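Here's protein_20.cif, which has mmCIF, C-alpha atoms:
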data_data
#
loop_
_atom_site.label_atom_id
_atom_site.label_comp_id
_atom_site.auth_asym_id
_atom_site.auth_seq_id
_atom_site.Cartn_x
_atom_site.Cartn_y
_atom_site.Cartn_z
CA MET A 1306 -1.06 -149.10 58.41
CA SER A 1307 1.23 -147.40 60.92
CA GLY A 1308 -0.34 -145.77 63.96
CA LEU A 1309 2.69 -143.80 65.11
CA LEU A 1310 1.27 -140.55 63.75
CA TRP A 1311 -2.29 -141.44 64.76
CA PRO A 1312 -2.04 -142.51 68.40
CA GLY A 1313 -4.66 -145.09 69.28
CA ASP A 1314 -4.90 -146.46 65.74
CA GLU A 1315 -4.43 -149.99 67.08
CA ARG A 1316 -7.95 -149.77 68.51
CA ALA A 1317 -9.24 -150.12 64.92
CA GLY A 1318 -7.52 -153.50 64.54
CA PRO A 1319 -7.49 -154.80 60.95
CA THR A 1320 -10.36 -152.54 59.82
CA PHE A 1321 -9.81 -151.35 56.25
CA GLY A 1322 -6.18 -152.52 56.36
CA ASP A 1323 -4.47 -154.16 53.40
CA ALA A 1324 -4.99 -157.72 54.64
CA ALA A 1325 -8.68 -157.13 55.34
CA PHE A 1326 -9.16 -155.54 51.93
CA VAL A 1327 -7.47 -158.39 50.06
CA SER A 1328 -9.51 -160.92 52.03
CA ALA A 1329 -12.67 -159.02 51.07
CA MET A 1330 -11.68 -159.07 47.39
CA LEU A 1331 -11.18 -162.82 47.72
CA GLU A 1332 -14.70 -163.15 49.13
CA VAL A 1333 -16.07 -161.21 46.17
CA GLU A 1334 -14.31 -163.37 43.59
CA THR A 1335 -15.42 -166.53 45.38
CA ALA A 1336 -19.05 -165.40 45.55
CA TRP A 1337 -19.07 -164.37 41.90
CA LEU A 1338 -17.62 -167.67 40.65
CA ALA A 1339 -20.09 -169.58 42.83
CA ALA A 1340 -22.93 -167.50 41.36
CA LEU A 1341 -21.79 -168.31 37.81
CA VAL A 1342 -21.90 -171.99 38.70
CA GLN A 1343 -25.21 -171.78 40.56
CA THR A 1344 -26.97 -170.00 37.68
CA GLY A 1345 -25.64 -172.46 35.10
CA VAL A 1346 -23.20 -170.10 33.40
CA ALA A 1347 -20.02 -171.89 34.52
CA PRO A 1348 -19.59 -175.68 34.65
CA SER A 1349 -21.36 -177.32 37.57
CA SER A 1350 -18.19 -179.28 38.38
CA LEU A 1351 -16.47 -176.15 39.70
CA ASP A 1352 -16.28 -175.64 43.46
CA ALA A 1353 -15.60 -171.97 44.08
CA THR A 1354 -15.26 -172.27 47.83
CA ARG A 1355 -12.76 -175.11 47.64
CA SER A 1356 -10.73 -173.77 44.72
CA VAL A 1357 -10.80 -170.02 45.41
CA GLY A 1358 -12.21 -169.23 48.84
CA GLY A 1359 -9.57 -171.05 50.85
CA GLN A 1360 -6.65 -169.33 49.19
CA PRO A 1361 -4.13 -168.30 51.90
CA ILE A 1362 -2.77 -164.75 51.77
CA GLY A 1363 0.54 -164.00 53.43
CA GLY A 1364 2.55 -160.89 54.14
CA THR A 1365 4.81 -161.54 51.17
CA ASP A 1366 1.77 -161.70 48.91
CA LEU A 1367 0.47 -158.39 50.30
CA ALA A 1368 3.79 -156.66 49.66
CA ALA A 1369 3.93 -158.03 46.12
CA LEU A 1370 0.35 -157.02 45.38
CA SER A 1371 1.00 -153.53 46.70
CA ALA A 1372 4.02 -153.15 44.45
CA ALA A 1373 2.16 -154.52 41.43
CA ALA A 1374 -0.94 -152.36 41.90
CA GLU A 1375 0.64 -149.35 40.22
CA ALA A 1376 0.84 -151.09 36.86
CA GLY A 1377 -2.93 -151.58 36.74
CA GLY A 1378 -3.86 -148.38 38.53
CA ASN A 1379 -5.91 -150.25 41.11
CA PRO A 1380 -5.35 -153.21 43.44
CA ALA A 1381 -7.83 -155.56 41.72
CA VAL A 1382 -5.86 -156.01 38.49
CA ALA A 1383 -2.80 -157.33 40.27
CA PHE A 1384 -4.95 -159.30 42.70
CA VAL A 1385 -6.87 -161.13 39.96
CA SER A 1386 -3.63 -162.02 38.15
CA TRP A 1387 -2.13 -163.36 41.38
CA LEU A 1388 -5.29 -165.26 42.30
CA ARG A 1389 -5.67 -166.83 38.85
CA GLU A 1390 -2.11 -168.05 39.01
CA GLU A 1391 -2.49 -169.45 42.52
CA VAL A 1392 -5.80 -171.17 41.78
CA GLY A 1393 -4.55 -172.47 38.43
CA GLU A 1394 -1.88 -174.55 40.09
CA ARG A 1395 -4.52 -176.91 41.50
CA ASP A 1396 -7.73 -176.17 39.56
CA ALA A 1397 -7.16 -174.94 36.01
CA PRO A 1398 -10.89 -174.81 35.04
CA ALA A 1399 -11.69 -172.64 38.09
CA ALA A 1400 -8.82 -170.31 37.20
CA ARG A 1401 -10.15 -169.90 33.66
CA TRP A 1402 -13.63 -168.96 34.92
CA LEU A 1403 -12.35 -166.68 37.67
CA HIS A 1404 -13.45 -163.03 37.37
CA ARG A 1405 -15.36 -163.64 34.11
CA GLY A 1406 -18.06 -161.00 33.65
CA LEU A 1407 -16.54 -158.68 36.26
CA THR A 1408 -14.31 -155.63 36.05
CA SER A 1409 -11.78 -154.34 38.56
CA GLN A 1410 -14.16 -151.69 39.92
CA ASP A 1411 -16.71 -154.39 40.71
CA VAL A 1412 -14.20 -156.20 42.89
CA VAL A 1413 -12.91 -153.09 44.68
CA ASP A 1414 -16.32 -151.51 45.28
CA SER A 1415 -17.88 -154.74 46.51
CA ALA A 1416 -14.93 -155.38 48.80
CA VAL A 1417 -15.23 -151.85 50.20
CA MET A 1418 -18.92 -152.41 50.91
CA LEU A 1419 -18.13 -155.67 52.72
CA LEU A 1420 -15.65 -153.85 54.93
CA ALA A 1421 -18.06 -150.96 55.43
CA LYS A 1422 -20.83 -153.26 56.61
CA ARG A 1423 -18.50 -154.78 59.20
CA LEU A 1424 -17.37 -151.31 60.23
CA GLN A 1425 -21.00 -150.30 60.75
CA ARG A 1426 -21.47 -153.27 63.08
CA ASP A 1427 -18.36 -152.43 65.10
CA VAL A 1428 -19.12 -148.72 65.44
CA LEU A 1429 -22.73 -149.39 66.41
CA ALA A 1430 -21.50 -151.78 69.08
CA GLU A 1431 -19.40 -148.96 70.54
CA ILE A 1432 -22.34 -146.58 70.29
CA GLY A 1433 -24.39 -149.07 72.27
CA ARG A 1434 -21.86 -148.78 75.09
CA GLN A 1435 -21.93 -144.99 74.82
CA VAL A 1436 -25.72 -144.85 74.96
CA GLU A 1437 -25.71 -146.98 78.09
CA ALA A 1438 -23.11 -144.78 79.77
CA LEU A 1439 -24.78 -141.53 78.75
CA ALA A 1440 -28.20 -142.69 79.89
CA ALA A 1441 -26.73 -143.56 83.29
CA LEU A 1442 -25.04 -140.16 83.55
CA ALA A 1443 -28.19 -138.28 82.54
CA ASP A 1444 -30.36 -140.18 85.00
CA ARG A 1445 -27.87 -140.00 87.88
CA HIS A 1446 -27.40 -136.26 87.51
CA ARG A 1447 -30.97 -135.13 86.89
CA SER A 1448 -30.68 -132.77 89.86
CA THR A 1449 -26.98 -131.87 89.65
CA GLU A 1450 -27.10 -128.14 89.00
CA MET A 1451 -24.35 -126.34 87.13
CA VAL A 1452 -23.68 -123.19 85.15
CA GLY A 1453 -24.97 -123.27 81.61
CA ARG A 1454 -22.53 -121.51 79.30
CA THR A 1455 -23.14 -119.79 75.98
CA LEU A 1456 -20.40 -118.23 73.87
CA THR A 1457 -17.99 -119.23 76.69
CA GLN A 1458 -19.83 -117.11 79.30
CA PRO A 1459 -22.15 -118.03 82.21
CA ALA A 1460 -25.74 -117.97 80.99
CA VAL A 1461 -28.46 -119.67 83.07
CA PRO A 1462 -28.52 -122.63 85.46
CA ILE A 1463 -28.87 -126.09 83.92
CA THR A 1464 -28.38 -129.60 85.24
CA PHE A 1465 -25.57 -131.85 84.22
CA GLY A 1466 -28.25 -134.43 83.54
CA ALA A 1467 -29.64 -132.19 80.80
CA LYS A 1468 -26.16 -131.73 79.33
CA ALA A 1469 -25.60 -135.49 79.27
CA ALA A 1470 -29.05 -135.92 77.73
CA ALA A 1471 -28.08 -133.51 74.95
CA TRP A 1472 -24.90 -135.51 74.35
CA LEU A 1473 -27.04 -138.64 74.23
CA GLN A 1474 -29.42 -137.16 71.67
CA GLY A 1475 -26.48 -136.26 69.44
CA VAL A 1476 -25.03 -139.76 69.63
CA LEU A 1477 -28.44 -141.27 68.87
CA ASP A 1478 -28.81 -138.99 65.84
CA ALA A 1479 -25.46 -140.24 64.56
CA ALA A 1480 -26.47 -143.83 65.27
CA ASP A 1481 -29.67 -143.39 63.26
CA ASP A 1482 -27.72 -142.13 60.25
CA LEU A 1483 -25.14 -144.89 60.48
CA GLY A 1484 -27.73 -147.59 61.08
CA SER A 1485 -29.81 -146.56 58.07
CA LEU A 1486 -27.01 -147.20 55.57
CA SER A 1487 -27.32 -149.89 52.92
CA PHE A 1488 -24.36 -151.66 51.37
CA PRO A 1489 -24.84 -152.61 47.73
CA ALA A 1490 -22.72 -155.07 45.79
CA GLN A 1491 -21.16 -153.79 42.58
CA PHE A 1492 -21.53 -156.10 39.59
CA GLY A 1493 -21.62 -153.95 36.48
CA GLY A 1494 -18.95 -155.41 34.24
CA ALA A 1495 -16.73 -153.44 31.92
CA ALA A 1496 -19.05 -150.47 31.31
CA GLY A 1497 -21.81 -150.95 33.85
CA ASN A 1498 -24.29 -152.84 31.63
CA ARG A 1499 -23.19 -156.38 32.54
CA SER A 1500 -22.40 -157.22 28.93
CA GLY A 1501 -19.84 -159.83 29.97
CA VAL A 1502 -22.44 -162.05 31.62
CA THR A 1503 -24.68 -161.70 28.59
CA ALA A 1504 -21.78 -162.75 26.36
CA LEU A 1505 -21.32 -165.81 28.55
CA GLY A 1506 -24.96 -166.75 27.95
CA GLY A 1507 -26.17 -165.94 31.45
CA ASP A 1508 -28.85 -163.73 32.97
CA PRO A 1509 -26.97 -160.76 34.50
CA ALA A 1510 -29.60 -159.93 37.10
CA SER A 1511 -29.76 -163.51 38.36
CA VAL A 1512 -25.99 -163.86 38.65
CA ALA A 1513 -25.65 -160.51 40.40
CA ALA A 1514 -28.46 -161.28 42.84
CA CYS A 1515 -26.97 -164.67 43.65
CA ALA A 1516 -23.50 -163.24 44.30
CA ALA A 1517 -24.82 -160.32 46.35
CA ALA A 1518 -26.86 -162.66 48.54
CA ALA A 1519 -23.81 -164.83 49.19
CA LEU A 1520 -21.92 -161.74 50.35
CA GLY A 1521 -24.79 -160.40 52.45
CA LEU A 1522 -24.89 -157.24 50.34
CA LEU A 1523 -27.77 -155.46 48.65
CA GLU A 1524 -28.33 -155.99 44.92
CA ARG A 1525 -29.42 -152.67 43.43
CA GLY A 1526 -27.84 -152.54 39.98
CA PRO A 1527 -24.48 -151.06 38.96
CA TRP A 1528 -23.33 -147.80 40.55
CA HIS A 1529 -19.93 -147.23 38.95
CA THR A 1530 -20.50 -143.49 38.59
CA ASP A 1531 -23.24 -143.08 41.20
CA ARG A 1532 -21.12 -142.79 44.32
CA ALA A 1533 -23.92 -142.26 46.80
CA PRO A 1534 -23.10 -145.47 48.72
CA VAL A 1535 -19.64 -144.07 49.41
CA THR A 1536 -20.61 -140.48 50.17
CA ARG A 1537 -23.45 -141.57 52.47
CA LEU A 1538 -21.03 -143.79 54.35
CA GLY A 1539 -18.56 -140.93 54.64
CA ALA A 1540 -21.25 -138.55 55.86
CA ALA A 1541 -22.48 -141.00 58.49
CA LEU A 1542 -18.97 -141.62 59.81
CA THR A 1543 -18.30 -137.88 59.89
CA GLY A 1544 -21.54 -137.37 61.81
CA CYS A 1545 -20.43 -139.89 64.41
CA SER A 1546 -17.13 -138.09 64.91
CA ALA A 1547 -18.96 -134.78 65.18
CA ALA A 1548 -21.21 -136.11 67.95
CA TRP A 1549 -18.22 -137.44 69.87
CA GLY A 1550 -16.23 -134.28 69.20
CA ARG A 1551 -18.96 -132.22 70.81
CA ILE A 1552 -18.68 -134.33 73.96
CA ALA A 1553 -14.88 -134.13 73.91
CA ASN A 1554 -15.00 -130.35 73.58
CA ASP A 1555 -17.19 -130.05 76.67
CA VAL A 1556 -14.92 -132.37 78.63
CA LEU A 1557 -11.85 -130.42 77.54
CA THR A 1558 -13.42 -127.16 78.72
CA LEU A 1559 -14.89 -128.41 81.97
CA SER A 1560 -11.77 -130.36 82.94
CA ARG A 1561 -9.58 -127.26 82.92
CA PRO A 1562 -8.12 -126.95 86.43
CA GLU A 1563 -9.68 -123.51 86.90
CA ILE A 1564 -13.11 -125.07 86.23
CA GLY A 1565 -12.63 -128.67 87.38
CA GLU A 1566 -16.20 -129.85 86.89
CA LEU A 1567 -15.34 -132.96 84.85
CA ALA A 1568 -12.35 -135.29 84.70
CA GLU A 1569 -11.37 -138.10 82.37
CA PRO A 1570 -11.06 -141.64 83.76
CA PHE A 1571 -7.66 -142.31 85.27
CA ALA A 1572 -5.26 -144.75 83.61
CA VAL A 1573 -1.68 -145.37 84.67
CA GLY A 1574 0.75 -143.66 82.32
CA ARG A 1575 -1.87 -141.74 80.36
CA GLY A 1576 -1.89 -137.97 80.06
CA GLY A 1577 1.70 -137.35 81.05
CA SER A 1578 3.93 -134.64 79.64
CA SER A 1579 7.49 -135.02 78.38
CA ALA A 1580 8.45 -131.71 80.00
CA MET A 1581 6.04 -131.04 82.88
CA PRO A 1582 5.68 -133.93 85.33
CA GLN A 1583 2.80 -132.31 87.21
CA LYS A 1584 0.42 -132.50 84.24
CA THR A 1585 -2.34 -134.98 83.57
CA ASN A 1586 -3.60 -134.11 80.12
CA PRO A 1587 -7.14 -135.06 78.99
CA VAL A 1588 -5.69 -137.24 76.25
CA LEU A 1589 -8.82 -139.19 75.34
CA SER A 1590 -10.76 -135.99 74.66
CA VAL A 1591 -7.85 -134.52 72.70
CA LEU A 1592 -7.71 -137.56 70.42
CA ILE A 1593 -11.48 -137.72 69.99
CA ARG A 1594 -11.52 -134.04 69.02
CA ARG A 1595 -8.69 -134.74 66.57
CA ALA A 1596 -10.87 -137.28 64.77
CA ALA A 1597 -13.82 -134.88 64.66
CA LEU A 1598 -11.66 -132.13 63.16
CA SER A 1599 -10.12 -134.34 60.48
CA ALA A 1600 -13.23 -136.23 59.34
CA PRO A 1601 -14.79 -133.41 57.25
CA ALA A 1602 -11.66 -133.19 55.10
CA TYR A 1603 -11.94 -136.86 54.19
CA LEU A 1604 -15.65 -136.45 53.48
CA SER A 1605 -14.96 -133.47 51.22
CA LEU A 1606 -12.62 -135.62 49.10
CA LEU A 1607 -15.31 -138.29 48.79
CA GLN A 1608 -17.88 -135.67 47.76
CA LEU A 1609 -15.46 -134.10 45.29
CA ALA A 1610 -14.72 -137.49 43.75
CA ALA A 1611 -18.43 -138.22 43.41
CA ALA A 1612 -19.02 -134.91 41.66
CA ASP A 1613 -16.20 -135.64 39.19
CA ALA A 1614 -17.27 -139.19 38.29
CA GLY A 1615 -17.80 -139.36 34.54
CA ASP A 1616 -18.25 -141.68 31.57
CA GLU A 1617 -19.28 -145.20 32.54
CA ARG A 1618 -16.35 -145.57 34.94
CA PRO A 1619 -14.36 -142.66 36.40
CA ALA A 1620 -10.71 -141.90 35.71
CA GLY A 1621 -9.02 -140.68 38.89
CA ALA A 1622 -12.19 -139.67 40.70
CA TRP A 1623 -12.87 -143.27 41.71
CA HIS A 1624 -9.24 -143.86 42.61
CA VAL A 1625 -9.08 -140.95 45.04
CA GLU A 1626 -11.80 -142.45 47.25
CA TRP A 1627 -9.88 -145.39 48.66
CA GLN A 1628 -7.35 -143.84 51.00
CA PRO A 1629 -9.60 -141.12 52.50
CA LEU A 1630 -12.34 -143.68 53.10
CA ALA A 1631 -9.94 -146.16 54.70
CA LEU A 1632 -8.51 -143.48 56.99
CA LEU A 1633 -11.96 -142.13 57.86
CA ALA A 1634 -13.11 -145.65 58.70
CA ARG A 1635 -10.17 -146.43 60.95
CA HIS A 1636 -10.22 -143.04 62.64
CA THR A 1637 -13.96 -143.32 63.31
CA LEU A 1638 -13.64 -146.73 64.93
CA THR A 1639 -10.69 -145.52 66.99
CA ALA A 1640 -12.64 -142.47 68.19
CA ALA A 1641 -15.66 -144.65 68.91
CA SER A 1642 -13.59 -146.82 71.25
CA GLN A 1643 -12.01 -143.80 72.92
CA THR A 1644 -15.41 -142.17 73.45
CA SER A 1645 -16.79 -145.34 75.01
CA GLU A 1646 -13.90 -145.41 77.46
CA LEU A 1647 -14.23 -141.70 78.22
CA LEU A 1648 -17.92 -141.92 79.03
CA ALA A 1649 -17.72 -145.15 81.01
CA GLY A 1650 -15.28 -143.59 83.49
CA LEU A 1651 -16.12 -139.89 83.32
CA HIS A 1652 -15.84 -138.22 86.74
CA VAL A 1653 -18.49 -135.60 87.47
CA GLY A 1654 -17.52 -133.03 90.10
CA ALA A 1655 -20.99 -132.25 91.41
CA GLU A 1656 -19.69 -130.23 94.36
CA ARG A 1657 -17.49 -128.14 92.10
CA MET A 1658 -20.43 -127.52 89.78
CA SER A 1659 -22.52 -126.32 92.71
CA ALA A 1660 -19.75 -124.04 93.97
CA THR A 1661 -19.25 -122.49 90.55
CA LEU A 1662 -22.98 -121.93 90.22
CA ASP A 1663 -23.12 -120.18 93.59
CA ALA A 1664 -20.17 -117.99 92.62
CA HIS A 1665 -22.04 -116.82 89.51
CA ARG A 1666 -25.47 -116.56 91.10
CA ASP A 1667 -26.01 -112.95 90.06
CA ASP A 1668 -24.96 -113.60 86.47
CA VAL A 1669 -27.08 -116.70 85.95
CA SER A 1670 -30.12 -115.05 87.56
CA SER A 1671 -30.16 -112.12 85.16
CA GLU A 1672 -32.56 -113.67 82.65
CA TYR A 1673 -34.94 -114.66 85.43
CA ARG A 1674 -34.89 -111.21 86.97
CA SER A 1675 -35.50 -109.60 83.60
CA LEU A 1676 -38.42 -111.82 82.69
CA ALA A 1677 -39.87 -111.98 86.21
CA GLY A 1678 -40.54 -108.26 86.01
CA LEU A 1679 -43.19 -109.00 83.41
CA THR A 1680 -45.09 -111.29 85.79
CA GLY A 1681 -44.33 -109.70 89.13
CA GLN A 1682 -42.46 -112.76 90.42
CA ARG A 1683 -39.44 -112.29 92.66
CA GLY A 1684 -36.70 -114.36 94.25
CA GLY A 1685 -34.63 -117.40 93.26
CA TRP A 1686 -34.02 -118.35 89.70
CA ALA A 1687 -36.02 -120.19 87.07
CA HIS A 1688 -35.53 -123.89 86.55
CA GLY A 1689 -35.89 -124.98 82.98
CA ASP A 1690 -37.29 -128.13 81.44
CA ASP A 1691 -34.18 -130.12 82.33
CA ASP A 1692 -35.92 -133.12 83.84
CA ALA A 1693 -38.27 -133.50 80.88
CA LEU A 1694 -35.31 -133.31 78.50
CA VAL A 1695 -33.60 -136.11 80.41
CA THR A 1696 -36.75 -138.22 80.39
CA ALA A 1697 -37.18 -137.78 76.63
CA ALA A 1698 -33.57 -138.72 75.93
CA LEU A 1699 -33.78 -141.81 78.13
CA GLN A 1700 -36.96 -142.94 76.39
CA ARG A 1701 -35.36 -142.54 72.99
CA ALA A 1702 -32.30 -144.48 74.18
CA ARG A 1703 -34.49 -147.35 75.36
CA GLU A 1704 -36.34 -147.44 72.05
CA TRP A 1705 -33.10 -147.38 70.08
CA ALA A 1706 -31.62 -150.22 72.12
CA ALA A 1707 -34.77 -152.29 71.74
CA HIS A 1708 -34.74 -152.00 67.94
CA ARG A 1709 -31.05 -152.49 67.26
#

File written out as structure tokens:
Amino acid sequence: MSGLLWPGDERAGPTFGDAAFVSAMLEVETAWLAALVQTGVAPSSLDATRSVGGQPIGGTDLAALSAAAEAGGNPAVAFVSWLREEVGERDAPAARWLHRGLTSQDVVDSAVMLLAKRLQRDVLAEIGRQVEALAALADRHRSTEMVGRTLTQPAVPITFGAKAAAWLQGVLDAADDLGSLSFPAQFGGAAGNRSGVTALGGDPASVAACAAAALGLLERGPWHTDRAPVTRLGAALTGCSAAWGRIANDVLTLSRPEIGELAEPFAVGRGGSSAMPQKTNPVLSVLIRRAALSAPAYLSLLQLAAADAGDERPAGAWHVEWQPLALLARHTLTAASQTSELLAGLHVGAERMSATLDAHRDDVSSEYRSLAGLTGQRGGWAHGDDDALVTAALQRAREWAAHR
């Protein structure tokens, strides 16, 4: 997957790429054949790991599979044909039993869930770094006063610690949603009732449970037309991007030269302009915001596909999921890495914040003056519950880290 039009894409590594997806399909086929053997459906002489699991996959194979996928309408049909041929050259019995009792959607959906579970791990690892950085910012700047802004205008005084605590709460909310996901295997057979395993003389539930356990996935019964595992994943990833986008938006605003209260971490060669050599653009925040703005469109496609799933297996609605989900996954992991870097090196201009607050003293005191007239108080301005908000966020962060 080219990253030229999505700068920073290399941060996602192989996540949801073609090679990773084919490797995941191979894991599914291996686990299923092993389950057939373990439950007594297939001959005990078969060794799924030796015959199937070690099958090497090269770039030439990926290109051929990609070209052949159109004929079957999905990548699993071409993959199973290729795999059966490759395995058959050294283990004909294993090749004959390969994929028996499965359908193409089982292989694709289970492979997607394998990749999604690994994505969850990687994104949560980045969130762990973000939580640590945000907690440090919130604690360090408990008393750093600044202008609180609403609808772009000066409102009342706040502390930067409270702002960082609010960022932290948003990231923790996203982490809760992502961490609560489950990843079910898909073993429904041709029409979702596992008739193939029954025809082979096996117990469908036992085979499915055995294969799911080998993959580290949940066994919950077929979900060919119940796309909640996919839409919940999409929603959680979109929520992560939204939490990071909120932070990026604040950094973009407060790093404007005329405000100058925040600045991105410096990196040689980053933030330059092709036309204006004096510029240092807040590139990390720009790219994080990009991900936050694009994620809802991918989620809407996943939701639309789920709403259109019909019969016992969908025609077209299932097929439209793959690319939006893959892009959403890669973009989320990329934005996660960029947000971690942004927060770890974020520069807070405390003196500039104080100067701006002094310059707007009359404006930010207006609420206090208005309300103080009810109590007879005079002078200064009201300090809010900033410190308590910081304390609450830090406590939640500690609890989250302890239970990861």

(message) Nearest residue to Trp1311 (chain A) out of A:Ala1470, A:Ala1324, A:Leu1633, A:Ile1362, using only C-alpha atoms?
(response)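 Closest candidate: A:Leu1633.
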
(request) Evaluate the PyMOL selection byres ((chain A and resi 1640-1656) around 8) here and jot the selected residues down as a ChimeraX atom specification. (result) /A:1316,1428,1431-1432,1434-1435,1438-1439,1449-1450,1546,1549,1565-1571,1589-1590,1592-1593,1596,1636-1639,1657-1660

Just the selected residues (C-alpha atoms), exported as a JSON list (two decimals), in the coordinates of the input, please.
[["chain", "number", "residue", "atom", "x", "y", "z"],
["A", 1316, "ARG", "CA", -7.95, -149.77, 68.51],
["A", 1428, "VAL", "CA", -19.12, -148.72, 65.44],
["A", 1431, "GLU", "CA", -19.40, -148.96, 70.54],
["A", 1432, "ILE", "CA", -22.34, -146.58, 70.29],
["A", 1434, "ARG", "CA", -21.86, -148.78, 75.09],
["A", 1435, "GLN", "CA", -21.93, -144.99, 74.82],
["A", 1438, "ALA", "CA", -23.11, -144.78, 79.77],
["A", 1439, "LEU", "CA", -24.78, -141.53, 78.75],
["A", 1449, "THR", "CA", -26.98, -131.87, 89.65],
["A", 1450, "GLU", "CA", -27.10, -128.14, 89.00],
["A", 1546, "SER", "CA", -17.13, -138.09, 64.91],
["A", 1549, "TRP", "CA", -18.22, -137.44, 69.87],
["A", 1565, "GLY", "CA", -12.63, -128.67, 87.38],
["A", 1566, "GLU", "CA", -16.20, -129.85, 86.89],
["A", 1567, "LEU", "CA", -15.34, -132.96, 84.85],
["A", 1568, "ALA", "CA", -12.35, -135.29, 84.70],
["A", 1569, "GLU", "CA", -11.37, -138.10, 82.37],
["A", 1570, "PRO", "CA", -11.06, -141.64, 83.76],
["A", 1571, "PHE", "CA", -7.66, -142.31, 85.27],
["A", 1589, "LEU", "CA", -8.82, -139.19, 75.34],
["A", 1590, "SER", "CA", -10.76, -135.99, 74.66],
["A", 1592, "LEU", "CA", -7.71, -137.56, 70.42],
["A", 1593, "ILE", "CA", -11.48, -137.72, 69.99],
["A", 1596, "ALA", "CA", -10.87, -137.28, 64.77],
["A", 1636, "HIS", "CA", -10.22, -143.04, 62.64],
["A", 1637, "THR", "CA", -13.96, -143.32, 63.31],
["A", 1638, "LEU", "CA", -13.64, -146.73, 64.93],
["A", 1639, "THR", "CA", -10.69, -145.52, 66.99],
["A", 1657, "ARG", "CA", -17.49, -128.14, 92.10],
["A", 1658, "MET", "CA", -20.43, -127.52, 89.78],
["A", 1659, "SER", "CA", -22.52, -126.32, 92.71],
["A", 1660, "ALA", "CA", -19.75, -124.04, 93.97]]

(request) Please write as a VMD selection string the full residue list that the PyMOL selection byres ((chain A and resi 1426) around 12) yields on this file. (result) chain A and resid 1320 1419 to 1425 1427 to 1433 1480 1483 to 1486 1638 1641 1709

Go ahead and dump the residues you just picked, C-alpha atoms, as a tab-separated table (two decimals), in the coordinates of the input.
chain	number	residue	atom	x	y	z
A	1320	THR	CA	-10.36	-152.54	59.82
A	1419	LEU	CA	-18.13	-155.67	52.72
A	1420	LEU	CA	-15.65	-153.85	54.93
A	1421	ALA	CA	-18.06	-150.96	55.43
A	1422	LYS	CA	-20.83	-153.26	56.61
A	1423	ARG	CA	-18.50	-154.78	59.20
A	1424	LEU	CA	-17.37	-151.31	60.23
A	1425	GLN	CA	-21.00	-150.30	60.75
A	1427	ASP	CA	-18.36	-152.43	65.10
A	1428	VAL	CA	-19.12	-148.72	65.44
A	1429	LEU	CA	-22.73	-149.39	66.41
A	1430	ALA	CA	-21.50	-151.78	69.08
A	1431	GLU	CA	-19.40	-148.96	70.54
A	1432	ILE	CA	-22.34	-146.58	70.29
A	1433	GLY	CA	-24.39	-149.07	72.27
A	1480	ALA	CA	-26.47	-143.83	65.27
A	1483	LEU	CA	-25.14	-144.89	60.48
A	1484	GLY	CA	-27.73	-147.59	61.08
A	1485	SER	CA	-29.81	-146.56	58.07
A	1486	LEU	CA	-27.01	-147.20	55.57
A	1638	LEU	CA	-13.64	-146.73	64.93
A	1641	ALA	CA	-15.66	-144.65	68.91
A	1709	ARG	CA	-31.05	-152.49	67.26

(message) Since I can't run it myself right now, could you work out what the PyMOL selection byres ((chain A and resi 1341) around 12) selects here and report it as a VMD selection string?
(response) chain A and resid 1334 to 1340 1342 to 1353 1399 1402 to 1407 1501 to 1503 1505 to 1516

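The space between CA of Ala1517 (chain A) and CA of Gln1491 (chain A) spans 8.4 Å.
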
4 Å per side around region 1557-1562 of chain A: axis-aligned box centre and edge lengths, as lines of an AutoDock Vina configuration file:
center_x = -11.5
center_y = -128.7
center_z = 82.0
size_x = 14.8
size_y = 11.5
size_z = 16.9

(request) For a cut-off of 9 Å around (-27.4, -141.2, 80.5), file coordinates, pick out all residues using only C-alpha atoms and list them as a PyMOL selection string. (result) chain A and resi 1435-1446+1466+1469-1470+1472-1473+1695+1698-1699+1702

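Reported to one decimal place, the separation of CA of Ile1552 (chain A) from CA of Ser1487 (chain A) is 27.6 Å.
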
(message) Counting only C-alpha atoms, find residues at most 9 Å from (-26.2, -115.2, 80.3) (file frame) and give them as a list in words.
(response) Gly1453, Arg1454, Thr1455, Gln1458, Pro1459, Ala1460, Val1461, Asp1668, Val1669, Ser1670, Ser1671 and Glu1672 of chain A

So that I can check the surroundings of region 1620-1629 of chain A, please list as a short mmCIF file (atom, residue, chain, number, x, y, z; two decimals) with C-alpha atoms, in the coordinates of the input every protein, DNA and RNA residue that reaches within 9 Å of it, counting only C-alpha atoms and ignoring chain neighbours fewer than 5 positions away.
data_model
loop_
_atom_site.label_atom_id
_atom_site.label_comp_id
_atom_site.auth_asym_id
_atom_site.auth_seq_id
_atom_site.Cartn_x
_atom_site.Cartn_y
_atom_site.Cartn_z
CA GLY A 1378 -3.86 -148.38 38.53
CA ASN A 1379 -5.91 -150.25 41.11
CA GLN A 1410 -14.16 -151.69 39.92
CA VAL A 1417 -15.23 -151.85 50.20
CA HIS A 1529 -19.93 -147.23 38.95
CA THR A 1530 -20.50 -143.49 38.59
CA ARG A 1532 -21.12 -142.79 44.32
CA VAL A 1535 -19.64 -144.07 49.41
CA ALA A 1602 -11.66 -133.19 55.10
CA TYR A 1603 -11.94 -136.86 54.19
CA LEU A 1604 -15.65 -136.45 53.48
CA LEU A 1606 -12.62 -135.62 49.10
CA LEU A 1607 -15.31 -138.29 48.79
CA LEU A 1609 -15.46 -134.10 45.29
CA ALA A 1610 -14.72 -137.49 43.75
CA ALA A 1611 -18.43 -138.22 43.41
CA ALA A 1612 -19.02 -134.91 41.66
CA ASP A 1613 -16.20 -135.64 39.19
CA ALA A 1614 -17.27 -139.19 38.29
CA GLY A 1615 -17.80 -139.36 34.54
CA ALA A 1634 -13.11 -145.65 58.70
#
